[in-house]
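As structure tokens, the structure follows; a few thoughts come after it.
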Amino acid sequence: FRRRRRRRERRGRPRGLYLLPHLVTTAGLFFGFTAILHAFGGAPDRAALFILLAGICDALDGRLARFARSASRFGLEYDSIADIVSFGVAPAALAYAAGGLEALGRPGLVLTFLYTVGAALRLARFNVAPSRFPGRFEGMPSPAAAGMVAATQWFVSFLAENDLGFHVPRVLVALGVAVLGLLMVSQIPYRSFKELDLRHSYGTLVIVVFAILLLIQEPSVTLFAIGVGYGLSGPIEWLWRRSTRRPLPEAAQAVLPSEASPRTHA
């Protein structure tokens, strides 16, 4: 009976809807691959742009899969493999090439690789174990970490274009990338903003509109500020809850990803 019902549902919808989420995931994989080429090709700003485009694809493919009712285990695994390239390898390549970490020798290579390992472990942990806290990610999401690397590149280019004379030390770049890798594999809760309600929260709506206006006015500075704020929000809230002894409520029952679960991790 279930097979007959699925056949009836599929007959009522165009077959292209079932392929659309996989095509969007493939587009995100392409953007991540292209970002790697531009990072080592001497175009770091363009590489950062392709990482951002990969993040947009990652945000869309899961929603398209749920809309088309084509969520599957295959889609979940394919999405994770694409994310390894787009949010694990591409940001590390961008930081290594644009930050000049080759001059640091083996330490620069190891610290950059720590980011890629952190992203891989973060994605693998998501596939086998959900977050313990409802409405939160356990560890920094890999798209957010990749967005932080891309935003930092744009912010550094903004400073150079305005002749502010600020040079980022190579050691600071390597340590920053390594810290992002450690945040991804940590157990620090990060807000997912999936339950954000703009229709009934006037204050939240004002903040979002204000952020959009700043983003239009100066995207590089705004994205960098948002990335730094989100990256620090997890550890700050975690330390505050430990000091005040106000732990987050944990989920009553953990549910492993299945065919009915979302394809994306963020």
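So you can find residues: chains in the structure tokens are A, B, ... in the order shown, residues in each start at 1, and ligands are numbered from 1 in order.
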
Q: List every residue of stretch 10-168 of chain A that DSSP, applied to the backbone of this structure, assigns to alpha helix (DSSP H), and report them as a PyMOL selection string.
A: chain A and resi 10-11+16-40+44-68+73-83+90-98+106-128+142-161

Q. Can you tell me how far atom CA of A:Val85 sits from atom CA of A:Gly32, in Å to one decimal?
A. 5.8 Å

Q. Quick one: residues within 12 Å of A:Ser233, only C-alpha atoms counted, chain neighbours fewer than 3 positions away excluded, as number ranges by chain?
A. A: 139-140, 183, 188-192, 225-230, 236-240

Keeping only C-alpha atoms, take the residues you just selected and write them out as a PDB file, in the first residue's frame.
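again32.pdb, freshly written:
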```pdb
ATOM      1  CA  GLY A 139      29.437  22.934  17.436  1.00  0.00           C
ATOM      2  CA  MET A 140      29.823  25.727  14.926  1.00  0.00           C
ATOM      3  CA  LEU A 183      34.844  25.264  17.217  1.00  0.00           C
ATOM      4  CA  ILE A 188      29.421  24.395  22.270  1.00  0.00           C
ATOM      5  CA  PRO A 189      25.789  25.067  21.298  1.00  0.00           C
ATOM      6  CA  TYR A 190      25.160  27.588  18.533  1.00  0.00           C
ATOM      7  CA  ARG A 191      21.770  29.025  17.720  1.00  0.00           C
ATOM      8  CA  SER A 192      20.239  27.649  14.517  1.00  0.00           C
ATOM      9  CA  ALA A 225      30.848  41.793  11.818  1.00  0.00           C
ATOM     10  CA  ILE A 226      28.021  39.245  11.593  1.00  0.00           C
ATOM     11  CA  GLY A 227      30.511  36.380  11.289  1.00  0.00           C
ATOM     12  CA  VAL A 228      32.553  37.524  14.285  1.00  0.00           C
ATOM     13  CA  GLY A 229      29.400  38.079  16.328  1.00  0.00           C
ATOM     14  CA  TYR A 230      28.023  34.633  15.546  1.00  0.00           C
ATOM     15  CA  ILE A 236      30.113  33.601  25.331  1.00  0.00           C
ATOM     16  CA  GLU A 237      26.684  32.107  25.970  1.00  0.00           C
ATOM     17  CA  TRP A 238      28.250  28.784  26.962  1.00  0.00           C
ATOM     18  CA  LEU A 239      30.502  30.488  29.535  1.00  0.00           C
ATOM     19  CA  TRP A 240      27.615  32.584  30.826  1.00  0.00           C
TER      20      TRP A 240
END
```

Counting only C-alpha atoms, give me one row per residue of stretch 89-114 of chain A with an atom at most 8 Å from an atom of stretch 167-178 of chain A, showing the shortest contact pair and its distance in Å to one decimal, sorted by chain then residue number, as JSON lines.
```
{"residue": "A:Ala92", "atom": "CA", "partner": "A:Val177", "partner_atom": "CA", "distance": 7.5}
{"residue": "A:Ala95", "atom": "CA", "partner": "A:Val173", "partner_atom": "CA", "distance": 7.1}
{"residue": "A:Tyr96", "atom": "CA", "partner": "A:Ala174", "partner_atom": "CA", "distance": 7.9}
{"residue": "A:Gly99", "atom": "CA", "partner": "A:Arg170", "partner_atom": "CA", "distance": 5.9}
{"residue": "A:Gly100", "atom": "CA", "partner": "A:Arg170", "partner_atom": "CA", "distance": 6.5}
{"residue": "A:Leu101", "atom": "CA", "partner": "A:Arg170", "partner_atom": "CA", "distance": 6.0}
{"residue": "A:Leu104", "atom": "CA", "partner": "A:Arg170", "partner_atom": "CA", "distance": 7.6}
{"residue": "A:Gly108", "atom": "CA", "partner": "A:Ala174", "partner_atom": "CA", "distance": 6.0}
{"residue": "A:Leu111", "atom": "CA", "partner": "A:Ala178", "partner_atom": "CA", "distance": 5.3}
{"residue": "A:Thr112", "atom": "CA", "partner": "A:Val177", "partner_atom": "CA", "distance": 6.2}
{"residue": "A:Leu114", "atom": "CA", "partner": "A:Ala178", "partner_atom": "CA", "distance": 5.7}
```
